[in-house]
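With mmCIF, C-alpha atoms inside, this is query-v2.cif:
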data_entry
#
loop_
_atom_site.label_atom_id
_atom_site.label_comp_id
_atom_site.auth_asym_id
_atom_site.auth_seq_id
_atom_site.Cartn_x
_atom_site.Cartn_y
_atom_site.Cartn_z
CA MET A 870 0.00 0.00 0.00
CA LEU A 871 2.74 2.44 1.00
CA LYS A 872 4.72 1.39 -2.07
CA MET A 873 1.76 2.40 -4.20
CA LEU A 874 1.54 5.83 -2.56
CA LYS A 875 5.18 6.55 -3.32
CA PRO A 876 5.08 7.75 -6.92
CA LYS A 877 7.70 6.35 -9.24
CA PRO A 878 9.04 8.71 -11.91
CA VAL A 879 7.25 8.29 -15.21
CA LEU A 880 9.54 6.69 -17.75
CA LEU A 881 9.17 8.15 -21.20
CA HIS A 882 9.62 6.16 -24.38
CA LYS A 883 12.87 4.67 -25.63
CA ASN A 884 14.28 5.17 -29.10
CA GLY A 885 15.03 2.48 -31.69
CA PRO A 886 18.66 1.73 -30.74
CA GLN A 887 17.76 1.56 -27.04
CA VAL A 888 14.90 -0.85 -27.74
CA ARG A 889 17.16 -3.06 -29.87
CA GLN A 890 19.72 -3.05 -27.08
CA GLU A 891 17.06 -4.15 -24.57
CA ILE A 892 15.84 -6.90 -26.89
CA GLN A 893 19.41 -8.18 -27.14
CA ALA A 894 19.66 -8.19 -23.36
CA CYS A 895 16.38 -10.15 -22.94
CA ILE A 896 17.02 -13.61 -21.52
CA GLY A 897 13.62 -14.94 -22.62
CA CYS A 898 12.41 -15.97 -19.17
CA ASN A 899 8.77 -15.10 -20.01
CA GLU A 900 8.21 -13.31 -16.69
CA CYS A 901 6.93 -10.15 -18.40
CA LEU A 902 4.34 -12.08 -20.40
CA LEU A 903 3.19 -13.97 -17.31
CA ALA A 904 2.64 -10.69 -15.49
CA CYS A 905 0.77 -9.02 -18.36
CA PRO A 906 -2.98 -8.47 -17.82
CA ALA A 907 -3.50 -7.31 -21.42
CA LEU A 908 -2.26 -10.44 -23.17
CA SER A 909 -5.23 -12.66 -23.97
CA GLU A 910 -3.65 -15.29 -26.22
CA PRO A 911 -0.49 -17.32 -25.74
CA ILE A 912 2.47 -15.94 -27.67
CA THR A 913 6.14 -16.72 -27.29
CA ILE A 914 8.71 -14.23 -26.11
CA ASN A 915 10.98 -15.05 -29.05
CA THR A 916 8.29 -14.17 -31.58
CA LEU A 917 7.51 -10.97 -29.73
CA ASN A 918 11.18 -9.94 -29.55
CA ARG A 919 11.76 -10.76 -33.22
CA GLU A 920 8.76 -8.75 -34.36
CA ILE A 921 9.55 -5.78 -32.13
CA VAL A 922 12.98 -5.40 -33.73
CA GLY A 923 11.70 -5.38 -37.31
CA GLY A 924 10.10 -7.24 -40.13
CA THR A 925 6.45 -8.05 -40.46
CA ILE A 926 4.12 -7.90 -37.48
CA SER A 927 1.83 -10.92 -37.19
CA ALA A 928 -1.84 -10.59 -36.19
CA PRO A 929 -1.51 -11.93 -32.59
CA ILE A 930 1.42 -9.60 -31.89
CA ALA A 931 -0.45 -6.65 -33.43
CA ARG A 932 -3.49 -7.47 -31.26
CA PHE A 933 -1.27 -7.66 -28.21
CA ALA A 934 0.39 -4.33 -29.06
CA GLN A 935 -3.01 -2.71 -29.43
CA ALA A 936 -4.28 -4.21 -26.18
CA CYS A 937 -1.21 -3.18 -24.15
CA TYR A 938 -2.19 -0.27 -21.91
CA GLN A 939 1.24 0.56 -20.54
CA CYS A 940 0.43 -0.40 -16.94
CA GLY A 941 4.05 -1.36 -16.33
CA ALA A 942 3.18 -4.68 -14.66
CA CYS A 943 5.84 -6.32 -16.86
CA VAL A 944 8.70 -4.15 -15.60
CA ASP A 945 9.00 -5.25 -11.98
CA PRO A 946 9.19 -9.03 -12.60
CA CYS A 947 12.00 -8.73 -15.18
CA PRO A 948 15.11 -10.29 -13.61
CA VAL A 949 17.45 -8.21 -15.79
CA GLY A 950 15.63 -4.90 -15.34
CA LEU A 951 14.36 -4.41 -18.88
CA HIS A 952 11.42 -2.21 -19.84
CA ARG A 953 9.00 -4.37 -21.78
CA ASP A 954 6.48 -1.48 -21.73
CA ALA A 955 8.94 0.68 -23.69
CA MET A 956 9.40 -2.15 -26.19
CA MET A 957 5.62 -2.44 -26.57
CA MET A 958 5.40 1.32 -27.09
CA TRP A 959 7.97 0.97 -29.85
CA LEU A 960 5.76 -1.72 -31.40
CA LYS A 961 2.73 0.58 -31.11
CA VAL A 962 4.64 3.34 -32.90
CA ARG A 963 5.59 0.87 -35.61
CA LEU A 964 1.93 -0.10 -35.99
CA LEU A 965 0.96 3.55 -36.19
CA SER A 966 3.58 4.59 -38.66
CA SER A 967 3.62 1.71 -41.09
CA GLY A 968 1.46 -1.04 -42.41
CA TRP A 969 1.75 -4.55 -41.09
CA GLU A 970 1.40 -7.78 -42.94
CA GLU A 971 -0.87 -10.52 -41.76
CA MET B 1051 -2.09 -8.33 -46.13
CA GLU B 1052 -0.90 -4.73 -46.14
CA GLN B 1053 -3.19 -2.48 -44.14
CA THR B 1054 -3.74 1.24 -44.12
CA ASP B 1055 -2.62 3.46 -41.26
CA ALA B 1056 -6.08 3.85 -39.74
CA GLN B 1057 -6.60 0.08 -39.68
CA ASN B 1058 -3.26 -0.63 -38.08
CA TYR B 1059 -3.98 0.84 -34.71
CA SER B 1060 -7.54 2.06 -34.59
CA LEU B 1061 -8.94 3.83 -31.57
CA PHE B 1062 -12.02 1.59 -31.47
CA PHE B 1063 -10.05 -1.61 -31.73
CA MET B 1064 -12.03 -4.52 -30.25
CA SER B 1065 -10.61 -7.93 -29.69
CA ALA B 1066 -13.25 -10.54 -28.91
CA SER B 1067 -10.93 -12.92 -27.12
CA LYS B 1068 -12.30 -16.09 -25.49
CA PRO B 1069 -12.12 -14.78 -21.87
CA THR B 1070 -13.86 -11.55 -22.89
CA VAL B 1071 -16.71 -13.38 -24.60
CA LYS B 1072 -17.08 -15.84 -21.71
CA THR B 1073 -17.18 -13.17 -18.99
CA THR B 1074 -19.53 -10.92 -20.99
CA VAL B 1075 -21.99 -13.80 -21.43
CA VAL B 1076 -21.78 -14.72 -17.73
CA THR B 1077 -22.33 -11.08 -16.67
CA LEU B 1078 -25.37 -10.61 -18.90
CA LEU B 1079 -26.79 -13.97 -17.88
CA GLY B 1080 -26.24 -13.21 -14.18
CA MET B 1081 -27.94 -9.82 -14.50
CA ALA B 1082 -30.90 -11.36 -16.32
CA ILE B 1083 -31.32 -14.13 -13.70
CA ALA B 1084 -31.04 -11.67 -10.79
CA LEU B 1085 -33.57 -9.31 -12.35
CA ALA B 1086 -35.97 -12.15 -13.12
CA LEU B 1087 -35.79 -13.56 -9.58
CA ASN B 1088 -36.38 -10.12 -8.05
CA LEU B 1089 -39.33 -9.49 -10.33
CA VAL B 1090 -40.83 -12.88 -9.41
CA TYR B 1091 -40.32 -12.11 -5.69
CA ALA B 1092 -41.85 -8.64 -6.06
CA HIS B 1093 -44.85 -10.16 -7.84
CA PHE B 1094 -45.63 -12.69 -5.09
CA SER B 1095 -44.53 -10.78 -1.98
CA THR B 1096 -45.86 -7.68 -0.26
CA ASP B 1097 -42.57 -6.92 1.52
CA ASN B 1098 -40.54 -5.16 -1.12
CA SER B 1099 -37.85 -3.51 0.97
CA PRO B 1100 -34.08 -3.83 1.39
CA ASP B 1101 -34.59 -5.75 4.67
CA SER B 1102 -36.87 -8.36 3.10
CA VAL B 1103 -35.70 -11.91 2.37
CA ALA B 1104 -34.92 -11.02 -1.25
CA GLY B 1105 -33.18 -7.86 -0.06
CA TYR B 1106 -30.91 -9.88 2.25
CA VAL B 1107 -30.14 -12.36 -0.50
CA ASP B 1108 -29.32 -9.54 -2.89
CA ALA B 1109 -27.14 -7.84 -0.27
CA THR B 1110 -25.23 -11.04 0.49
CA VAL B 1111 -24.74 -12.10 -3.12
CA GLY B 1112 -23.84 -8.57 -4.26
CA SER B 1113 -21.31 -8.11 -1.43
CA ILE B 1114 -19.72 -11.51 -2.15
CA LEU B 1115 -19.43 -10.65 -5.83
CA LEU B 1116 -17.84 -7.27 -5.09
CA LEU B 1117 -15.46 -8.89 -2.62
CA LEU B 1118 -14.57 -11.48 -5.24
CA ALA B 1119 -13.98 -8.70 -7.77
CA ALA B 1120 -11.61 -6.96 -5.39
CA MET B 1121 -9.84 -9.91 -3.80
CA LYS B 1122 -9.66 -12.58 -6.49
CA TYR B 1123 -7.87 -10.44 -9.06
CA SER B 1124 -5.56 -8.94 -6.49
CA ILE B 1125 -4.55 -12.39 -5.19
CA TYR B 1126 -4.33 -13.94 -8.64
CA ARG B 1127 -2.05 -11.13 -9.80
CA ARG B 1128 0.38 -11.92 -7.04
CA SER B 1129 0.28 -15.69 -7.44
CA ARG B 1130 2.95 -17.53 -9.43
CA ASN B 1131 0.74 -20.37 -10.58
CA ARG B 1132 -0.52 -19.15 -13.94
CA GLY B 1133 0.26 -19.36 -17.64
CA VAL B 1134 0.82 -16.75 -20.33
CA GLY B 1135 -2.43 -14.89 -20.99
CA ASP B 1136 -4.21 -16.17 -17.87
CA LEU B 1137 -4.10 -12.84 -16.07
CA ASN B 1138 -6.24 -11.29 -18.79
CA GLY B 1139 -8.95 -13.80 -17.87
CA GLY B 1140 -8.56 -12.73 -14.23
CA LEU B 1141 -9.01 -9.07 -15.23
CA ASN B 1142 -12.12 -9.93 -17.22
CA TRP B 1143 -13.62 -11.75 -14.24
CA HIS B 1144 -12.75 -8.73 -12.05
CA ILE B 1145 -14.79 -6.51 -14.39
CA SER B 1146 -17.59 -9.06 -14.65
CA PHE B 1147 -17.95 -9.52 -10.87
CA GLY B 1148 -17.76 -5.75 -10.33
CA ILE B 1149 -20.61 -4.97 -12.74
CA LEU B 1150 -22.73 -7.93 -11.62
CA GLY B 1151 -22.17 -7.10 -7.93
CA LEU B 1152 -23.21 -3.49 -8.40
CA PHE B 1153 -26.31 -4.55 -10.34
CA ILE B 1154 -27.44 -6.97 -7.62
CA LEU B 1155 -26.76 -4.42 -4.86
CA PHE B 1156 -28.80 -1.95 -6.88
CA LEU B 1157 -31.65 -4.49 -6.81
CA HIS B 1158 -31.12 -4.78 -3.04
CA THR B 1159 -32.23 -1.13 -2.64
CA PHE B 1160 -35.72 -1.86 -4.03
CA GLY B 1161 -35.83 1.78 -5.09
CA ASN B 1162 -35.05 2.98 -1.57
CA PHE B 1163 -32.63 5.88 -1.90
CA ASN B 1164 -33.04 7.63 1.46
CA PRO B 1165 -29.82 9.33 2.53
CA ARG B 1166 -28.66 6.63 4.91
CA THR B 1167 -25.54 4.51 5.24
CA GLY B 1168 -26.65 2.00 2.59
CA THR B 1169 -27.23 4.74 0.04
CA TYR B 1170 -23.76 6.16 0.66
CA ALA B 1171 -22.29 2.69 0.23
CA LEU B 1172 -24.23 2.31 -3.02
CA TYR B 1173 -22.97 5.69 -4.24
CA GLY B 1174 -19.45 4.53 -3.44
CA MET B 1175 -20.00 1.35 -5.45
CA ILE B 1176 -21.46 3.28 -8.38
CA ALA B 1177 -18.47 5.64 -8.33
CA LEU B 1178 -16.14 2.64 -8.14
CA VAL B 1179 -17.68 0.84 -11.10
CA ILE B 1180 -17.91 4.05 -13.17
CA SER B 1181 -14.24 4.78 -12.42
CA GLY B 1182 -13.44 1.24 -13.59
CA VAL B 1183 -15.37 1.71 -16.84
CA ILE B 1184 -13.72 5.10 -17.47
CA GLY B 1185 -10.37 3.53 -16.59
CA LYS B 1186 -10.94 0.85 -19.21
CA ILE B 1187 -11.64 3.58 -21.79
CA ILE B 1188 -8.54 5.48 -20.68
CA ASP B 1189 -6.51 2.29 -21.01
CA ARG B 1190 -7.70 2.02 -24.59
CA VAL B 1191 -7.37 5.66 -25.66
CA MET B 1192 -4.36 7.00 -23.77
CA PRO B 1193 -1.68 4.51 -24.90
CA ARG B 1194 -2.62 5.27 -28.51
CA MET B 1195 -2.28 9.01 -27.81
CA VAL B 1196 1.07 8.34 -26.14
CA ALA B 1197 2.17 6.43 -29.24
CA GLN B 1198 1.18 9.40 -31.42
CA GLN B 1199 3.30 11.73 -29.31
CA VAL B 1200 6.22 9.28 -29.34
CA GLN B 1201 5.92 9.17 -33.12
CA LYS B 1202 6.36 12.96 -33.15
CA ALA B 1203 9.43 12.72 -30.93
CA LEU B 1204 11.19 10.09 -33.08
CA THR B 1205 12.57 10.25 -36.58
CA ALA B 1206 11.51 7.77 -39.25
CA GLN B 1207 14.58 5.70 -38.36
CA GLY B 1208 13.59 5.62 -34.69
CA GLU B 1209 16.26 8.03 -33.51
CA ASP B 1210 15.54 10.87 -31.11
CA LYS B 1211 14.34 13.84 -33.12
CA ILE B 1212 15.89 16.34 -30.70
CA ALA B 1213 19.32 14.76 -31.17
CA SER B 1214 18.87 14.83 -34.93
CA ILE B 1215 17.79 18.51 -34.93
CA THR B 1216 20.61 19.46 -32.58
CA GLN B 1217 23.04 17.84 -34.99
CA LYS B 1218 21.59 19.86 -37.86
CA LEU B 1219 21.87 23.07 -35.84
CA GLN B 1220 25.45 22.23 -35.04
CA ASP B 1221 26.11 21.71 -38.75
CA ILE B 1222 24.63 25.14 -39.49
CA ALA B 1223 26.78 26.72 -36.80
CA VAL B 1224 29.91 25.01 -38.14
CA TYR B 1225 29.07 26.02 -41.70
CA ASN B 1226 28.46 29.62 -40.72
CA SER B 1227 31.63 29.86 -38.67
CA GLN B 1228 33.56 28.54 -41.67
CA GLU B 1229 31.87 31.12 -43.89
CA LEU B 1230 32.76 33.81 -41.38
CA ARG B 1231 36.40 32.77 -41.43
CA GLY B 1232 36.28 32.97 -45.20
CA PHE B 1233 34.78 36.40 -44.90
CA GLN B 1234 37.58 37.60 -42.67
CA ALA B 1235 40.18 36.48 -45.14
CA ARG B 1236 42.40 39.23 -46.40
CA ASP B 1237 42.04 38.30 -50.00
CA SER B 1238 38.53 39.20 -51.06
CA SER B 1239 38.40 36.40 -53.61
CA MET B 1240 38.76 33.87 -50.78
CA ALA B 1241 35.62 35.08 -49.08
CA GLY B 1242 33.67 35.00 -52.30
CA LEU B 1243 33.40 38.75 -52.38
CA PRO B 1244 33.39 40.77 -55.59
CA PRO B 1245 36.71 42.29 -56.53
CA THR B 1246 37.21 45.90 -55.47
CA LYS B 1247 37.36 48.66 -58.00
CA PRO B 1248 40.90 49.62 -58.89
CA LYS B 1249 41.87 52.90 -57.32
CA THR B 1250 43.51 55.59 -59.30
CA GLY B 1251 46.26 57.93 -58.37
CA LYS B 1252 48.66 57.78 -55.48
CA GLY B 1253 46.70 55.25 -53.42
CA ALA B 1254 46.54 52.85 -56.35
CA ALA B 1255 50.25 52.89 -56.80
CA LYS B 1256 50.69 52.15 -53.10
CA GLU B 1257 48.25 49.27 -53.26
CA GLN B 1258 49.96 47.78 -56.25
CA THR B 1259 53.28 47.91 -54.52
CA GLY B 1260 51.79 46.31 -51.42
CA LYS B 1261 50.15 43.40 -53.28
CA SER B 1262 52.76 41.10 -51.89
CA LEU B 1263 51.15 41.85 -48.51
CA VAL B 1264 54.48 42.89 -47.06
CA ILE B 1265 54.85 46.24 -45.34
CA PRO B 1266 57.62 48.20 -47.00
CA SER B 1267 60.40 48.21 -44.52
CA SER B 1268 62.04 51.39 -43.52
CA TRP B 1269 65.54 51.97 -42.24
CA ASP B 1270 64.01 54.20 -39.60
CA LEU B 1271 62.27 51.89 -37.13
CA ALA B 1272 60.53 54.84 -35.52
CA TYR B 1273 58.90 55.69 -38.81
CA PHE B 1274 55.18 55.13 -38.70
CA SER B 1275 53.00 55.87 -41.65
CA LEU B 1276 49.35 56.87 -41.14
CA ASP B 1277 48.51 55.61 -44.57
CA GLU B 1278 46.29 52.60 -44.97
CA THR B 1279 48.20 49.35 -45.18
CA PRO B 1280 46.95 46.51 -47.39
CA GLN B 1281 46.11 44.49 -44.28
CA GLU B 1282 43.70 47.11 -43.07
CA MET B 1283 40.13 46.84 -44.28
CA ASN B 1284 38.56 49.95 -45.56
CA GLN B 1285 35.28 49.94 -43.73
CA GLN B 1286 33.80 52.39 -46.15
CA ALA B 1287 34.39 50.03 -49.06
CA ALA B 1288 31.15 48.90 -50.69
CA GLN B 1289 31.64 45.21 -50.02
CA TYR B 1290 31.91 45.80 -46.26
CA ARG B 1291 28.91 48.07 -45.96
CA PHE B 1292 26.53 45.23 -45.19
CA VAL B 1293 24.67 46.73 -42.25
CA PRO B 1294 21.14 46.64 -43.60
CA ASP B 1295 18.41 49.18 -43.07
CA ARG B 1296 15.31 48.22 -41.12
CA LYS B 1297 13.19 47.30 -44.12
CA SER B 1298 15.83 45.13 -45.65
CA GLU B 1299 15.43 41.37 -45.81
CA LEU B 1300 18.77 41.16 -44.11
CA ALA B 1301 17.41 42.95 -41.02
CA ARG B 1302 15.17 39.99 -40.22
CA PRO B 1303 16.28 37.80 -37.34
CA MET B 1304 18.14 34.62 -38.22
CA THR B 1305 19.01 35.94 -41.72
CA TYR B 1306 22.58 34.92 -41.21
CA LEU B 1307 21.55 31.49 -39.83
CA PRO B 1308 19.15 30.14 -42.47
CA GLY B 1309 16.99 27.20 -41.35
CA THR B 1310 17.71 27.74 -37.66
CA GLN B 1311 14.28 29.10 -36.85
CA GLU B 1312 12.55 26.08 -38.40
CA HIS B 1313 14.77 23.73 -36.42
CA LEU B 1314 14.12 25.60 -33.18
CA GLU B 1315 10.38 25.38 -33.83
CA ALA B 1316 10.73 21.65 -34.47
CA ILE B 1317 12.53 21.27 -31.13
CA GLU B 1318 9.66 23.11 -29.41
CA GLN B 1319 7.16 20.75 -31.05
CA VAL B 1320 9.11 17.72 -29.84
CA GLN B 1321 9.26 19.18 -26.33
CA GLN B 1322 5.49 19.68 -26.40
CA ALA B 1323 5.05 16.08 -27.56
CA LEU B 1324 7.21 14.84 -24.68
CA GLN B 1325 5.22 16.90 -22.17
CA LEU B 1326 1.97 15.50 -23.56
CA GLU B 1327 3.37 11.97 -23.39
CA GLN B 1328 4.21 12.50 -19.74
CA THR B 1329 0.73 13.93 -19.03
CA TYR B 1330 -1.00 10.98 -20.68
CA ARG B 1331 1.15 8.53 -18.76
CA HIS B 1332 0.28 10.32 -15.52
CA ILE B 1333 -3.43 10.07 -16.36
CA ILE B 1334 -3.12 6.30 -16.92
CA ARG B 1335 -1.25 5.85 -13.67
CA TYR B 1336 -3.27 8.13 -11.39
CA TRP B 1337 -6.63 6.94 -12.65
CA ARG B 1338 -5.64 3.48 -11.39
CA VAL B 1339 -4.71 5.01 -8.02
CA LEU B 1340 -8.11 6.74 -7.93
CA HIS B 1341 -9.86 3.42 -8.66
CA ILE B 1342 -8.03 1.73 -5.78
CA PHE B 1343 -8.80 4.67 -3.48
CA LEU B 1344 -12.50 4.40 -4.38
CA ALA B 1345 -12.37 0.64 -3.71
CA PHE B 1346 -11.11 1.24 -0.17
CA THR B 1347 -13.66 4.03 0.37
CA THR B 1348 -16.46 1.74 -0.78
CA ILE B 1349 -15.29 -1.02 1.54
CA GLY B 1350 -15.35 1.49 4.42
CA LEU B 1351 -18.85 2.72 3.53
CA THR B 1352 -20.13 -0.87 3.17
CA LEU B 1353 -18.74 -1.80 6.57
CA TRP B 1354 -20.42 1.28 8.04
CA HIS B 1355 -23.69 0.20 6.42
CA LEU B 1356 -23.30 -3.36 7.75
CA GLU B 1357 -22.69 -2.06 11.25
CA TYR B 1358 -25.77 0.17 10.97
CA ALA B 1359 -27.89 -2.70 9.65
CA LEU B 1360 -26.68 -5.09 12.36
CA GLN B 1361 -27.54 -2.51 15.04
CA LEU B 1362 -31.10 -2.59 13.75
CA LEU B 1363 -31.31 -6.32 13.18
CA ILE B 1364 -29.64 -7.81 16.26
CA PRO B 1365 -32.14 -6.38 18.82
CA LEU B 1366 -34.95 -7.52 16.53
CA TYR B 1367 -33.78 -11.12 16.53
CA ILE B 1368 -32.78 -11.17 20.20
CA HIS B 1369 -36.19 -10.09 21.40
#

Show how you would write the structure in this file as structure tokens.
Amino acid sequence: MLKMLKPKPVLLHKNGPQVRQEIQACIGCNECLLACPALSEPITINTLNREIVGGTISAPIARFAQACYQCGACVDPCPVGLHRDAMMMWLKVRLLSSGWEE
Amino acid sequence: MEQTDAQNYSLFFMSASKPTVKTTVVTLLGMAIALALNLVYAHFSTDNSPDSVAGYVDATVGSILLLLAAMKYSIYRRSRNRGVGDLNGGLNWHISFGILGLFILFLHTFGNFNPRTGTYALYGMIALVISGVIGKIIDRVMPRMVAQQVQKALTAQGEDKIASITQKLQDIAVYNSQELRGFQARDSSMAGLPPTKPKTGKGAAKEQTGKSLVIPSSWDLAYFSLDETPQEMNQQAAQYRFVPDRKSELARPMTYLPGTQEHLEAIEQVQQALQLEQTYRHIIRYWRVLHIFLAFTTIGLTLWHLEYALQLLIPLYIH
């Protein structure tokens, strides 16, 4: 309760190189996906990481990116301190700015 | 299949996932059953009040559902025993129980809205559920707005726009400083300036002799000529009279730094986008805090109402 009252600083977005760096540092433990309340269908962390970096975005990943509401529940469980919410924001920007192939 | 921009990330995106469909059906079914049972009771009974048998059943079931909404999701979120995507189901049940619980507690009032403890508790529950619904809308709209602002703050290659603009400004500054150095060069041709008109008479002869840019030495070291040396710039010369009048195009700010104003405006736009991003993120975060605060307030009001109701009921059953 007290932890909730103490406001954490709001982390703004990360740029492309930073996101790629975080993806490279991901150990694929799946903790972020387990903690995510927005993810409604099972996807693998490898697919997600691959599609965040570049290439075509598949329909389940696009649905997940659209459903992500940046609650930050994925950040705390990460054992290597990565920001999955920033990676998802990067994916959202990719969805906004370019077409995706299904 | 290549999709257009609007289809990629639409504001009214709806994903009818299995948990969503299941919980929506259960909620609607539960509401219909509760309403039907209350209508049947009201038809056959004369005691249509919150402290009737149906009222007590409604109160108990509604409270249990609201408690489930609050506790089950909170506990499930902290548990380790779940698979990928399971928590979304938990969130959907949280919403389902919340709406169903409020509906049944609304039936518990039997249209009795006197300003007493129960009414305050009901207001608290209504505020809680409405804050949840608004929160769900915020969760849908705000991240998209954040993404739009992030898009403004990044270049097409995904680099920071501010860094890119700063680099461009630095290039302009370097270019201009190089131009300025060229301008200060002694030889006018080096600075790209038009050649000066040849002077006639005594001065011309002196200039021609001094073209080697060497001051004619004198045997008398104390000798000092007041004449203009070739190194000295004649400030009255036409090519140096560049101070413009007020109406001139050159009098406008940033004339000597072309493109700078546009870049500075772009930086301001990026800064605005970053501020908006931060504001939207704060709205997402603090709306959740408000929802939790309302949940605790509602629990307090419900406990107050229970205490009030028990004070009335216990003497009734004892005697």

Q. For this file, the PyMOL selection byres ((chain A) within 9 of (chain B)) selects which residues, as a ChimeraX atom specification?
A. /A:873-874,879-886,899-900,902-913,931-932,934-940,958-959,961-971

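What separates CA of Asp945 (chain A) from CA of Gly897 (chain A) is a distance of 15.1 Å.
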
Q: Tell me which residues the PyMOL selection byres ((chain B and resi 1316) around 12) grabs here, as a ChimeraX atom specification.
A: /B:1202-1205,1211-1216,1218-1219,1309-1315,1317-1323

(Q) Applying 9 Å and only C-alpha atoms, which residues near Leu1344 (chain B) remain after dropping the ones on its own chain fewer than 3 positions away? List them as a list in words. (A)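 Close residues of Leu1344 (chain B): Gly1174, Met1175, Ala1177, Leu1178, Ser1181, Val1339, Leu1340, His1341, Thr1347, Thr1348 and Ile1349 of chain B.
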
Q. Separation of CA of Val1179 (chain B) and CA of Leu1116 (chain B), in Å?
A.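 One can read the CA of Val1179 (chain B) to CA of Leu1116 (chain B) distance as 10.1 Å.
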
Mind dumping region 1078-1124 of chain B from that block, keeping C-alpha atoms, as a JSON list (two decimals), in the first residue's frame?
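Result went into result-v7.json, see below:
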[["chain", "number", "residue", "atom", "x", "y", "z"],
["B", 1078, "LEU", "CA", -25.37, -10.61, -18.90],
["B", 1079, "LEU", "CA", -26.79, -13.97, -17.88],
["B", 1080, "GLY", "CA", -26.24, -13.21, -14.18],
["B", 1081, "MET", "CA", -27.94, -9.82, -14.50],
["B", 1082, "ALA", "CA", -30.90, -11.36, -16.32],
["B", 1083, "ILE", "CA", -31.32, -14.13, -13.70],
["B", 1084, "ALA", "CA", -31.04, -11.67, -10.79],
["B", 1085, "LEU", "CA", -33.57, -9.31, -12.35],
["B", 1086, "ALA", "CA", -35.97, -12.15, -13.12],
["B", 1087, "LEU", "CA", -35.79, -13.56, -9.58],
["B", 1088, "ASN", "CA", -36.38, -10.12, -8.05],
["B", 1089, "LEU", "CA", -39.33, -9.49, -10.33],
["B", 1090, "VAL", "CA", -40.83, -12.88, -9.41],
["B", 1091, "TYR", "CA", -40.32, -12.11, -5.69],
["B", 1092, "ALA", "CA", -41.85, -8.64, -6.06],
["B", 1093, "HIS", "CA", -44.85, -10.16, -7.84],
["B", 1094, "PHE", "CA", -45.63, -12.69, -5.09],
["B", 1095, "SER", "CA", -44.53, -10.78, -1.98],
["B", 1096, "THR", "CA", -45.86, -7.68, -0.26],
["B", 1097, "ASP", "CA", -42.57, -6.92, 1.52],
["B", 1098, "ASN", "CA", -40.54, -5.16, -1.12],
["B", 1099, "SER", "CA", -37.85, -3.51, 0.97],
["B", 1100, "PRO", "CA", -34.08, -3.83, 1.39],
["B", 1101, "ASP", "CA", -34.59, -5.75, 4.67],
["B", 1102, "SER", "CA", -36.87, -8.36, 3.10],
["B", 1103, "VAL", "CA", -35.70, -11.91, 2.37],
["B", 1104, "ALA", "CA", -34.92, -11.02, -1.25],
["B", 1105, "GLY", "CA", -33.18, -7.86, -0.06],
["B", 1106, "TYR", "CA", -30.91, -9.88, 2.25],
["B", 1107, "VAL", "CA", -30.14, -12.36, -0.50],
["B", 1108, "ASP", "CA", -29.32, -9.54, -2.89],
["B", 1109, "ALA", "CA", -27.14, -7.84, -0.27],
["B", 1110, "THR", "CA", -25.23, -11.04, 0.49],
["B", 1111, "VAL", "CA", -24.74, -12.10, -3.12],
["B", 1112, "GLY", "CA", -23.84, -8.57, -4.26],
["B", 1113, "SER", "CA", -21.31, -8.11, -1.43],
["B", 1114, "ILE", "CA", -19.72, -11.51, -2.15],
["B", 1115, "LEU", "CA", -19.43, -10.65, -5.83],
["B", 1116, "LEU", "CA", -17.84, -7.27, -5.09],
["B", 1117, "LEU", "CA", -15.46, -8.89, -2.62],
["B", 1118, "LEU", "CA", -14.57, -11.48, -5.24],
["B", 1119, "ALA", "CA", -13.98, -8.70, -7.77],
["B", 1120, "ALA", "CA", -11.61, -6.96, -5.39],
["B", 1121, "MET", "CA", -9.84, -9.91, -3.80],
["B", 1122, "LYS", "CA", -9.66, -12.58, -6.49],
["B", 1123, "TYR", "CA", -7.87, -10.44, -9.06],
["B", 1124, "SER", "CA", -5.56, -8.94, -6.49]]
